[in-house]
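Peer 1: Right, I'll just put the structure down here and ask away after.
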Amino acid sequence: MITLLTYPPAFGQFSGSPFCIKAAHLLNLSGQRWKREDTLDPRMMPHQKLPVIRAEDQLIADSDMIRAYLESQGARFDAGLSDIDRATSRAFIRMAEEHIYFHIVLDRWANEDAWPEVRETYFASVPRLIRGMVANKIRKNLLSAMRAQGLGRFTPEQRLARLEPDLDAIVARLWQNRFLFGDTPTAADASVGPMLSAALSSPGETPMSSRIRENAVLMGYIERVEEMLH
């Protein structure tokens, strides 16, 4: 049986990380038997990050590498898709994981209203006496990295303007479909769905979560993807 090493549940979600949720979706879609093992400390993992799966006496890190492993075992996440749809799927996955994700990071780490809950959730395993010091140092480094990346220089309203075309593209794909590429979930749903769920579940109300909440198409899609975990 495969073991998914994941961050624990947080903010009403399967995990505090949308990438861990992605890995769980891929495991479900693959048909493999698996179980979860929670940890808040990924320092002993190959990339010092999660998710990781333990399979065949090896540790496989990174959600893309987990997908590749499952496909090597026979999973066909994009069965029936045309070459054009496979290319579009790849673009949607990168849009979700390399753009929408970093807006979620800022909504959680840069939002002063959300930070106390984020700190207590992410750093629960750190002794309370030093938790604030440890968390604040990591937060400072992360926000510095986000400023270097670019998104950290924008206001929440400016960031929402950058997100609008992404959300419009997702809605356009969903207008006549239950999932992004038809009536059955594919690899793209395992990435895009968790990012939207994470944006919606972040502590407090943000321009991004409000924008998603007011769109019935996105809300229905989030609910359908979340059902894939049950």
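A note on labels: chains of the structure tokens are A, B, ... as shown, every chain counts residues from 1, and ligands are counted from 1 in their shown order.
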List the spatial neighbours of segment 142-156 of chain A as an MDAnalysis selection string - criterion: any atom at most 9 Å away, only C-alpha atoms, same-chain residues fewer than 6 positions off excluded.

Peer 2: chainID A and resid 102:103 105:107 109:110 206:208

Peer 1: I want to know what sits within 10 Å of Thr186 of chain A, based on only C-alpha atoms, with residues of the same chain fewer than 2 positions away left out; could you give that as number ranges by chain?

Peer 2: A: 25-26, 29, 76-81, 86, 89, 179-184, 188-191

Peer 1: Using only C-alpha atoms, please write the residues we just selected to a file, as a compact mmCIF listing (two decimals), in the first residue's frame.

Peer 2:
```txt
# COMPACT_ATOMS: atom_id res chain seq x y z
CA HIS A 25 -6.71 13.25 -5.79
CA LEU A 26 -4.12 11.63 -8.07
CA LEU A 29 -7.89 8.65 -9.60
CA ARG A 76 -4.10 7.16 -17.16
CA PHE A 77 -5.21 10.50 -15.79
CA ASP A 78 -5.93 12.04 -19.19
CA ALA A 79 -7.44 9.03 -20.94
CA GLY A 80 -9.54 10.07 -23.93
CA LEU A 81 -8.14 13.59 -24.21
CA ARG A 86 -3.56 17.49 -23.19
CA SER A 89 -4.40 20.70 -19.53
CA PHE A 179 -14.96 19.10 -14.97
CA LEU A 180 -12.37 20.97 -17.00
CA PHE A 181 -12.26 18.47 -19.85
CA GLY A 182 -15.63 16.80 -19.75
CA ASP A 183 -17.84 14.87 -17.38
CA THR A 184 -15.02 12.95 -15.68
CA ALA A 188 -5.97 19.20 -14.47
CA ASP A 189 -8.84 18.95 -11.98
CA ALA A 190 -6.48 17.44 -9.41
CA SER A 191 -4.45 20.67 -9.61
```

Peer 1: I'd like the contact shell of segment 165-176 of chain A - 10 Å cut-off, only C-alpha atoms, skipping same-chain residues fewer than 2 positions apart - returned as a list in words.

Peer 2: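 Returned residues: Phe92, Met95, Ala96, His99, Ile100, Leu160, Ala161, Arg162, Leu163, Arg178, Phe179, Leu180, Phe181, Gly182, Asp183, Val192, Leu196, Met208, Arg211, Ile212, Asn215, Ala216, Val217, Leu218, Gly220 and Tyr221 of chain A.
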
Peer 1: So that I can see what lies close to Met45 of chain A, please list as a PyMOL selection string the residues with an atom at most 12 Å from it, counting only C-alpha atoms and leaving out residues fewer than 2 positions away in the same chain.

Peer 2: chain A and resi 5-6+39-43+47-54+58-62

Peer 1: Those residues you just picked out, can you put them in a file as a PDB file, in the first residue's frame with N, CA, C and O atoms?

Peer 2:
```
ATOM      1  N   LEU A   5       2.551  11.011   2.594  1.00  0.00           N
ATOM      2  CA  LEU A   5       3.050  11.857   3.669  1.00  0.00           C
ATOM      3  C   LEU A   5       2.584  13.277   3.367  1.00  0.00           C
ATOM      4  O   LEU A   5       2.954  13.864   2.342  1.00  0.00           O
ATOM      5  N   THR A   6       1.753  13.808   4.248  1.00  0.00           N
ATOM      6  CA  THR A   6       1.049  15.053   3.965  1.00  0.00           C
ATOM      7  C   THR A   6       0.979  15.940   5.196  1.00  0.00           C
ATOM      8  O   THR A   6       1.088  15.465   6.330  1.00  0.00           O
ATOM      9  N   THR A  39       2.271  14.948   8.992  1.00  0.00           N
ATOM     10  CA  THR A  39       3.421  15.524   9.679  1.00  0.00           C
ATOM     11  C   THR A  39       3.462  17.019   9.408  1.00  0.00           C
ATOM     12  O   THR A  39       3.040  17.470   8.342  1.00  0.00           O
ATOM     13  N   LEU A  40       3.949  17.768  10.384  1.00  0.00           N
ATOM     14  CA  LEU A  40       4.173  19.197  10.198  1.00  0.00           C
ATOM     15  C   LEU A  40       5.649  19.506   9.952  1.00  0.00           C
ATOM     16  O   LEU A  40       6.020  20.661   9.755  1.00  0.00           O
ATOM     17  N   ASP A  41       6.478  18.468   9.960  1.00  0.00           N
ATOM     18  CA  ASP A  41       7.921  18.663   9.848  1.00  0.00           C
ATOM     19  C   ASP A  41       8.467  17.889   8.653  1.00  0.00           C
ATOM     20  O   ASP A  41       8.709  16.684   8.746  1.00  0.00           O
ATOM     21  N   PRO A  42       8.682  18.561   7.513  1.00  0.00           N
ATOM     22  CA  PRO A  42       9.162  17.862   6.319  1.00  0.00           C
ATOM     23  C   PRO A  42      10.682  17.874   6.166  1.00  0.00           C
ATOM     24  O   PRO A  42      11.193  17.537   5.097  1.00  0.00           O
ATOM     25  N   ARG A  43      11.396  18.231   7.211  1.00  0.00           N
ATOM     26  CA  ARG A  43      12.838  18.423   7.059  1.00  0.00           C
ATOM     27  C   ARG A  43      13.583  17.157   6.661  1.00  0.00           C
ATOM     28  O   ARG A  43      14.657  17.236   6.051  1.00  0.00           O
ATOM     29  N   HIS A  47      13.102  16.772  -0.520  1.00  0.00           N
ATOM     30  CA  HIS A  47      13.214  18.188  -0.861  1.00  0.00           C
ATOM     31  C   HIS A  47      12.857  19.089   0.314  1.00  0.00           C
ATOM     32  O   HIS A  47      12.675  20.286   0.137  1.00  0.00           O
ATOM     33  N   GLN A  48      12.712  18.480   1.471  1.00  0.00           N
ATOM     34  CA  GLN A  48      12.268  19.205   2.670  1.00  0.00           C
ATOM     35  C   GLN A  48      10.919  19.884   2.441  1.00  0.00           C
ATOM     36  O   GLN A  48      10.647  20.951   2.976  1.00  0.00           O
ATOM     37  N   LYS A  49      10.085  19.218   1.640  1.00  0.00           N
ATOM     38  CA  LYS A  49       8.742  19.722   1.347  1.00  0.00           C
ATOM     39  C   LYS A  49       7.801  18.522   1.253  1.00  0.00           C
ATOM     40  O   LYS A  49       8.239  17.378   1.128  1.00  0.00           O
ATOM     41  N   LEU A  50       6.517  18.792   1.301  1.00  0.00           N
ATOM     42  CA  LEU A  50       5.483  17.781   1.102  1.00  0.00           C
ATOM     43  C   LEU A  50       4.574  18.242  -0.041  1.00  0.00           C
ATOM     44  O   LEU A  50       4.501  19.444  -0.315  1.00  0.00           O
ATOM     45  N   PRO A  51       3.925  17.306  -0.740  1.00  0.00           N
ATOM     46  CA  PRO A  51       3.722  15.890  -0.413  1.00  0.00           C
ATOM     47  C   PRO A  51       4.883  15.002  -0.846  1.00  0.00           C
ATOM     48  O   PRO A  51       5.681  15.343  -1.716  1.00  0.00           O
ATOM     49  N   VAL A  52       4.902  13.823  -0.223  1.00  0.00           N
ATOM     50  CA  VAL A  52       5.812  12.740  -0.566  1.00  0.00           C
ATOM     51  C   VAL A  52       5.000  11.453  -0.459  1.00  0.00           C
ATOM     52  O   VAL A  52       4.124  11.350   0.403  1.00  0.00           O
ATOM     53  N   ILE A  53       5.279  10.499  -1.325  1.00  0.00           N
ATOM     54  CA  ILE A  53       4.667   9.184  -1.134  1.00  0.00           C
ATOM     55  C   ILE A  53       5.772   8.168  -0.838  1.00  0.00           C
ATOM     56  O   ILE A  53       6.892   8.275  -1.338  1.00  0.00           O
ATOM     57  N   ARG A  54       5.410   7.189  -0.009  1.00  0.00           N
ATOM     58  CA  ARG A  54       6.285   6.054   0.259  1.00  0.00           C
ATOM     59  C   ARG A  54       5.711   4.864  -0.502  1.00  0.00           C
ATOM     60  O   ARG A  54       4.587   4.429  -0.231  1.00  0.00           O
ATOM     61  N   GLN A  58      10.632   3.277  -1.379  1.00  0.00           N
ATOM     62  CA  GLN A  58      11.286   4.511  -1.805  1.00  0.00           C
ATOM     63  C   GLN A  58      10.396   5.698  -1.492  1.00  0.00           C
ATOM     64  O   GLN A  58       9.172   5.562  -1.365  1.00  0.00           O
ATOM     65  N   LEU A  59      11.024   6.858  -1.343  1.00  0.00           N
ATOM     66  CA  LEU A  59      10.296   8.098  -1.131  1.00  0.00           C
ATOM     67  C   LEU A  59      10.269   8.877  -2.438  1.00  0.00           C
ATOM     68  O   LEU A  59      11.323   9.139  -3.036  1.00  0.00           O
ATOM     69  N   ILE A  60       9.074   9.229  -2.874  1.00  0.00           N
ATOM     70  CA  ILE A  60       8.912   9.971  -4.120  1.00  0.00           C
ATOM     71  C   ILE A  60       8.344  11.340  -3.763  1.00  0.00           C
ATOM     72  O   ILE A  60       7.224  11.453  -3.252  1.00  0.00           O
ATOM     73  N   ALA A  61       9.144  12.363  -3.996  1.00  0.00           N
ATOM     74  CA  ALA A  61       8.778  13.722  -3.601  1.00  0.00           C
ATOM     75  C   ALA A  61       8.248  14.512  -4.799  1.00  0.00           C
ATOM     76  O   ALA A  61       8.564  14.209  -5.945  1.00  0.00           O
ATOM     77  N   ASP A  62       7.437  15.529  -4.491  1.00  0.00           N
ATOM     78  CA  ASP A  62       6.911  16.473  -5.481  1.00  0.00           C
ATOM     79  C   ASP A  62       5.682  15.876  -6.183  1.00  0.00           C
ATOM     80  O   ASP A  62       5.705  14.726  -6.645  1.00  0.00           O
TER      81      ASP A  62
END
```
